[in-house]
$ cat query09.pdb   # PDB, C-alpha atoms, pLDDT in the B column
MODEL        1
ATOM      1  CA  MET A   1     109.496 119.277 143.573  1.00 53.00           C
ATOM      2  CA  SER A   2     112.742 118.882 145.547  1.00 65.00           C
ATOM      3  CA  SER A   3     114.756 120.173 142.584  1.00 71.00           C
ATOM      4  CA  ASP A   4     112.563 123.308 142.666  1.00 83.00           C
ATOM      5  CA  LEU A   5     113.391 123.703 146.342  1.00 85.00           C
ATOM      6  CA  GLY A   6     117.108 123.421 145.562  1.00 87.00           C
ATOM      7  CA  PHE A   7     116.749 125.998 142.795  1.00 89.00           C
ATOM      8  CA  TYR A   8     115.047 128.462 145.158  1.00 92.00           C
ATOM      9  CA  LEU A   9     117.606 127.805 147.896  1.00 93.00           C
ATOM     10  CA  VAL A  10     120.441 128.590 145.494  1.00 94.00           C
ATOM     11  CA  PHE A  11     118.772 131.839 144.431  1.00 94.00           C
ATOM     12  CA  PHE A  12     118.127 132.749 148.058  1.00 95.00           C
ATOM     13  CA  ALA A  13     121.759 131.986 148.984  1.00 95.00           C
ATOM     14  CA  ILE A  14     123.055 134.138 146.104  1.00 96.00           C
ATOM     15  CA  GLY A  15     120.797 137.001 147.231  1.00 96.00           C
ATOM     16  CA  VAL A  16     121.907 136.723 150.852  1.00 96.00           C
ATOM     17  CA  ALA A  17     125.573 136.543 149.808  1.00 97.00           C
ATOM     18  CA  ALA A  18     125.182 139.681 147.669  1.00 97.00           C
ATOM     19  CA  GLN A  19     123.639 141.553 150.604  1.00 97.00           C
ATOM     20  CA  GLY A  20     126.500 140.408 152.827  1.00 97.00           C
ATOM     21  CA  VAL A  21     129.093 141.624 150.325  1.00 97.00           C
ATOM     22  CA  ALA A  22     127.221 144.943 150.040  1.00 97.00           C
ATOM     23  CA  LEU A  23     127.412 145.337 153.823  1.00 96.00           C
ATOM     24  CA  LEU A  24     131.136 144.565 153.794  1.00 96.00           C
ATOM     25  CA  LEU A  25     131.683 147.157 151.061  1.00 95.00           C
ATOM     26  CA  ALA A  26     129.753 149.722 153.129  1.00 95.00           C
ATOM     27  CA  ARG A  27     131.887 149.262 156.266  1.00 95.00           C
ATOM     28  CA  ARG A  28     134.630 151.722 155.240  1.00 92.00           C
ATOM     29  CA  PRO A  29     132.302 154.583 154.210  1.00 93.00           C
ATOM     30  CA  ILE A  30     130.296 154.116 157.403  1.00 94.00           C
ATOM     31  CA  ARG A  31     133.493 154.195 159.478  1.00 91.00           C
ATOM     32  CA  LEU A  32     134.663 157.339 157.701  1.00 92.00           C
ATOM     33  CA  LEU A  33     131.272 159.011 158.213  1.00 92.00           C
ATOM     34  CA  ARG A  34     131.310 158.127 161.931  1.00 92.00           C
ATOM     35  CA  ALA A  35     134.793 159.612 162.285  1.00 86.00           C
ATOM     36  CA  GLY A  36     133.278 162.689 160.714  1.00 80.00           C
ATOM     37  CA  ALA A  37     136.347 164.669 159.688  1.00 92.00           C
ATOM     38  CA  CYS A  38     135.967 166.523 156.415  1.00 94.00           C
ATOM     39  CA  ALA A  39     138.388 168.709 154.515  1.00 96.00           C
ATOM     40  CA  ARG A  40     138.755 170.422 151.196  1.00 96.00           C
ATOM     41  CA  GLY A  41     141.350 168.665 149.081  1.00 97.00           C
ATOM     42  CA  THR A  42     143.211 169.577 145.933  1.00 97.00           C
ATOM     43  CA  VAL A  43     143.903 167.239 143.022  1.00 97.00           C
ATOM     44  CA  LEU A  44     147.702 167.060 142.808  1.00 97.00           C
ATOM     45  CA  GLY A  45     147.937 164.582 139.977  1.00 94.00           C
ATOM     46  CA  ILE A  46     146.490 161.494 138.346  1.00 94.00           C
ATOM     47  CA  GLU A  47     147.564 157.852 138.182  1.00 93.00           C
ATOM     48  CA  GLU A  48     146.415 156.005 135.074  1.00 91.00           C
ATOM     49  CA  GLU A  49     145.512 152.334 135.054  1.00 88.00           C
ATOM     50  CA  MET A  50     144.462 150.236 132.073  1.00 85.00           C
ATOM     51  CA  SER A  51     141.667 147.777 132.710  1.00 78.00           C
ATOM     52  CA  SER A  52     140.323 145.161 130.354  1.00 71.00           C
ATOM     53  CA  THR A  53     136.552 145.330 130.326  1.00 64.00           C
ATOM     54  CA  GLY A  54     135.658 142.266 128.280  1.00 65.00           C
ATOM     55  CA  ARG A  55     134.217 142.685 124.804  1.00 69.00           C
ATOM     56  CA  SER A  56     134.764 146.417 124.599  1.00 68.00           C
ATOM     57  CA  GLY A  57     138.517 146.000 125.034  1.00 73.00           C
ATOM     58  CA  ALA A  58     140.779 147.918 127.376  1.00 79.00           C
ATOM     59  CA  LYS A  59     139.713 151.109 129.082  1.00 84.00           C
ATOM     60  CA  MET A  60     141.780 153.709 130.902  1.00 87.00           C
ATOM     61  CA  PHE A  61     140.833 154.627 134.481  1.00 89.00           C
ATOM     62  CA  TYR A  62     142.161 157.701 136.236  1.00 93.00           C
ATOM     63  CA  PHE A  63     142.831 157.688 139.988  1.00 94.00           C
ATOM     64  CA  PRO A  64     143.196 161.170 141.473  1.00 95.00           C
ATOM     65  CA  ILE A  65     146.080 161.911 143.835  1.00 96.00           C
ATOM     66  CA  VAL A  66     144.668 164.332 146.406  1.00 97.00           C
ATOM     67  CA  GLY A  67     146.336 166.460 149.047  1.00 97.00           C
ATOM     68  CA  PHE A  68     144.615 168.050 152.044  1.00 97.00           C
ATOM     69  CA  THR A  69     145.342 169.482 155.473  1.00 96.00           C
ATOM     70  CA  THR A  70     143.834 167.854 158.576  1.00 95.00           C
ATOM     71  CA  GLY A  71     142.229 169.819 161.376  1.00 91.00           C
ATOM     72  CA  GLN A  72     145.529 169.413 163.258  1.00 92.00           C
ATOM     73  CA  GLY A  73     147.480 171.000 160.399  1.00 93.00           C
ATOM     74  CA  GLU A  74     149.022 167.767 159.097  1.00 95.00           C
ATOM     75  CA  GLN A  75     149.594 167.616 155.314  1.00 96.00           C
ATOM     76  CA  ILE A  76     148.202 164.386 153.846  1.00 96.00           C
ATOM     77  CA  GLN A  77     148.371 162.991 150.331  1.00 97.00           C
ATOM     78  CA  PHE A  78     146.393 159.928 149.144  1.00 96.00           C
ATOM     79  CA  ARG A  79     145.329 158.103 145.996  1.00 95.00           C
ATOM     80  CA  SER A  80     141.617 157.552 145.626  1.00 94.00           C
ATOM     81  CA  ARG A  81     140.664 153.884 145.635  1.00 89.00           C
ATOM     82  CA  VAL A  82     138.068 154.516 142.941  1.00 87.00           C
ATOM     83  CA  GLY A  83     139.113 155.230 139.375  1.00 86.00           C
ATOM     84  CA  ARG A  84     137.144 157.436 137.024  1.00 85.00           C
ATOM     85  CA  GLY A  85     136.613 157.352 133.298  1.00 83.00           C
ATOM     86  CA  ARG A  86     137.646 160.978 133.014  1.00 87.00           C
ATOM     87  CA  VAL A  87     140.520 163.020 134.402  1.00 89.00           C
ATOM     88  CA  LEU A  88     139.927 165.425 137.265  1.00 90.00           C
ATOM     89  CA  PRO A  89     141.954 168.512 136.333  1.00 93.00           C
ATOM     90  CA  LYS A  90     145.048 169.188 138.407  1.00 95.00           C
ATOM     91  CA  GLY A  91     144.276 171.872 140.987  1.00 95.00           C
ATOM     92  CA  SER A  92     140.569 170.956 141.233  1.00 95.00           C
ATOM     93  CA  LYS A  93     139.068 171.352 144.693  1.00 97.00           C
ATOM     94  CA  VAL A  94     137.387 168.167 145.936  1.00 96.00           C
ATOM     95  CA  PRO A  95     135.587 167.162 149.162  1.00 97.00           C
ATOM     96  CA  VAL A  96     137.544 164.739 151.339  1.00 96.00           C
ATOM     97  CA  ILE A  97     136.461 162.611 154.276  1.00 96.00           C
ATOM     98  CA  TYR A  98     138.964 161.029 156.655  1.00 95.00           C
ATOM     99  CA  ASP A  99     139.387 159.430 160.049  1.00 92.00           C
ATOM    100  CA  PRO A 100     141.359 161.796 162.359  1.00 93.00           C
ATOM    101  CA  ALA A 101     142.954 158.747 164.004  1.00 91.00           C
ATOM    102  CA  LYS A 102     144.162 157.530 160.568  1.00 91.00           C
ATOM    103  CA  PRO A 103     144.253 160.559 158.254  1.00 93.00           C
ATOM    104  CA  ASP A 104     146.086 158.560 155.558  1.00 90.00           C
ATOM    105  CA  ASP A 105     142.892 156.499 155.171  1.00 89.00           C
ATOM    106  CA  ALA A 106     140.998 159.223 153.337  1.00 93.00           C
ATOM    107  CA  GLU A 107     138.662 159.225 150.367  1.00 94.00           C
ATOM    108  CA  LEU A 108     136.851 161.641 148.119  1.00 94.00           C
ATOM    109  CA  ARG A 109     133.478 162.388 149.644  1.00 95.00           C
ATOM    110  CA  THR A 110     131.278 161.602 146.652  1.00 92.00           C
ATOM    111  CA  PHE A 111     128.519 159.063 146.096  1.00 92.00           C
ATOM    112  CA  MET A 112     130.584 157.194 143.515  1.00 89.00           C
ATOM    113  CA  THR A 113     133.639 156.729 145.705  1.00 90.00           C
ATOM    114  CA  MET A 114     131.770 155.946 148.899  1.00 93.00           C
ATOM    115  CA  TRP A 115     128.568 154.090 148.036  1.00 94.00           C
ATOM    116  CA  PHE A 116     128.418 153.022 144.396  1.00 93.00           C
ATOM    117  CA  ALA A 117     129.939 149.545 144.823  1.00 93.00           C
ATOM    118  CA  SER A 118     127.803 148.606 147.829  1.00 95.00           C
ATOM    119  CA  VAL A 119     124.574 149.933 146.283  1.00 96.00           C
ATOM    120  CA  VAL A 120     125.144 148.149 142.960  1.00 95.00           C
ATOM    121  CA  THR A 121     125.975 144.889 144.742  1.00 96.00           C
ATOM    122  CA  ALA A 122     122.868 145.109 146.919  1.00 96.00           C
ATOM    123  CA  VAL A 123     120.580 145.992 143.997  1.00 97.00           C
ATOM    124  CA  CYS A 124     121.977 143.157 141.855  1.00 96.00           C
ATOM    125  CA  GLY A 125     121.303 140.725 144.700  1.00 96.00           C
ATOM    126  CA  TRP A 126     117.678 141.781 145.283  1.00 96.00           C
ATOM    127  CA  PRO A 127     116.162 139.829 142.360  1.00 95.00           C
ATOM    128  CA  PHE A 128     117.906 136.652 143.520  1.00 95.00           C
ATOM    129  CA  LEU A 129     116.744 137.219 147.073  1.00 94.00           C
ATOM    130  CA  ALA A 130     113.179 137.950 145.946  1.00 94.00           C
ATOM    131  CA  ALA A 131     113.014 134.955 143.612  1.00 93.00           C
ATOM    132  CA  GLY A 132     114.434 132.650 146.261  1.00 93.00           C
ATOM    133  CA  LEU A 133     112.076 133.904 148.942  1.00 91.00           C
ATOM    134  CA  SER A 134     109.008 133.774 146.704  1.00 90.00           C
ATOM    135  CA  GLY A 135     109.765 130.155 145.819  1.00 87.00           C
ATOM    136  CA  LEU A 136     110.564 129.119 149.385  1.00 86.00           C
ATOM    137  CA  LEU A 137     107.408 130.738 150.775  1.00 86.00           C
ATOM    138  CA  LYS A 138     105.068 129.003 148.262  1.00 79.00           C
TER
ENDMDL
END
$ encode --input "query09.pdb" --output "structure tokens"
Amino acid sequence: MSSDLGFYLVFFAIGVAAQGVALLLARRPIRLLRAGACARGTVLGIEEEMSSTGRSGAKMFYFPIVGFTTGQGEQIQFRSRVGRGRVLPKGSKVPVIYDPAKPDDAELRTFMTMWFASVVTAVCGWPFLAAGLSGLLK
């Protein structure tokens, strides 16, 4: 019976850790949303990065280089932290969110760039959390 308890504790700990990581990943988007400065950016270029994805081999990811003008008229250029599987065409207009106190810390204002990592981490941790809790509450 004690080995069952250990098993459930491990599952519970994995679930709690996943939720903690999800919260850490959500800190930056929340901070950017609180700062509340939005702009319309333009894709100036693309940086390519090869990533090995296990069995399927290497895959190319494209990181847009975006330029925008702050509310104070400052010209800013940044590289998105999130790569895409397809190229955004040069000259494309994209939504940008930034902190007026640190306009260089900007990001594309899309679900994928802001929330995808934290949501996936949280959702992947839920089964562990549920299994651990159900076993511990028996």
$ resolve_selection --input "query09.pdb" --expression "the PyMOL selection byres ((chain A and resi 94-99) around 9)" --output "CSV table (one decimal) with C-alpha atoms, in the coordinates of the input"
chain,number,residue,atom,x,y,z
A,31,ARG,CA,133.5,154.2,159.5
A,32,LEU,CA,134.7,157.3,157.7
A,33,LEU,CA,131.3,159.0,158.2
A,34,ARG,CA,131.3,158.1,161.9
A,35,ALA,CA,134.8,159.6,162.3
A,36,GLY,CA,133.3,162.7,160.7
A,37,ALA,CA,136.3,164.7,159.7
A,38,CYS,CA,136.0,166.5,156.4
A,39,ALA,CA,138.4,168.7,154.5
A,40,ARG,CA,138.8,170.4,151.2
A,41,GLY,CA,141.4,168.7,149.1
A,42,THR,CA,143.2,169.6,145.9
A,43,VAL,CA,143.9,167.2,143.0
A,66,VAL,CA,144.7,164.3,146.4
A,68,PHE,CA,144.6,168.0,152.0
A,70,THR,CA,143.8,167.9,158.6
A,92,SER,CA,140.6,171.0,141.2
A,93,LYS,CA,139.1,171.4,144.7
A,100,PRO,CA,141.4,161.8,162.4
A,101,ALA,CA,143.0,158.7,164.0
A,102,LYS,CA,144.2,157.5,160.6
A,103,PRO,CA,144.3,160.6,158.3
A,104,ASP,CA,146.1,158.6,155.6
A,105,ASP,CA,142.9,156.5,155.2
A,106,ALA,CA,141.0,159.2,153.3
A,107,GLU,CA,138.7,159.2,150.4
A,108,LEU,CA,136.9,161.6,148.1
A,109,ARG,CA,133.5,162.4,149.6
A,110,THR,CA,131.3,161.6,146.7
$ atom_distance --input "query09.pdb" --atom1 "atom CA of Ala13 of chain A" --atom2 "atom CA of Val119 of chain A"
18.4 Å
$ atom_distance --input "query09.pdb" --atom1 "atom CA of Cys124 of chain A" --atom2 "atom CA of Ala18 of chain A"
7.5 Å
$ closest_residue --input "query09.pdb" --among "A:Leu44, A:Ala117, A:Ala26, A:Met50" --to "Gln77 of chain A" --atoms "all atoms listed in the file"
A:Leu44
$ closest_residue --input "query09.pdb" --among "A:Glu74, A:Thr121, A:Ser80, A:Asp4" --to "Leu24 of chain A" --atoms "only C-alpha atoms"
A:Thr121
$ atom_distance --input "query09.pdb" --atom1 "atom CA of Ala122 of chain A" --atom2 "atom CA of Leu88 of chain A"
28.2 Å
$ residues_around --input "query09.pdb" --residues "Glu47 of chain A" --least-positions-apart "5" --cutoff "9 Å" --atoms "all atoms listed in the file" --output "PyMOL selection string"
chain A and resi 61-65+79+83
$ write_last_selection --input "query09.pdb" --atoms "C-alpha atoms" --output "PDB file, in the frame of the given file"
ATOM      1  CA  PHE A  61     140.833 154.627 134.481  1.00 89.00           C
ATOM      2  CA  TYR A  62     142.161 157.701 136.236  1.00 93.00           C
ATOM      3  CA  PHE A  63     142.831 157.688 139.988  1.00 94.00           C
ATOM      4  CA  PRO A  64     143.196 161.170 141.473  1.00 95.00           C
ATOM      5  CA  ILE A  65     146.080 161.911 143.835  1.00 96.00           C
ATOM      6  CA  ARG A  79     145.329 158.103 145.996  1.00 95.00           C
ATOM      7  CA  GLY A  83     139.113 155.230 139.375  1.00 86.00           C
TER       8      GLY A  83
END
$ closest_residue --input "query09.pdb" --among "A:Gly125, A:Gly45, A:Ala130, A:Gly135" --to "Ile14 of chain A" --atoms "only C-alpha atoms"
A:Gly125
$ closest_residue --input "query09.pdb" --among "A:Val21, A:Trp115, A:Ile46, A:Ala131" --to "Phe78 of chain A" --atoms "all atoms listed in the file"
A:Ile46
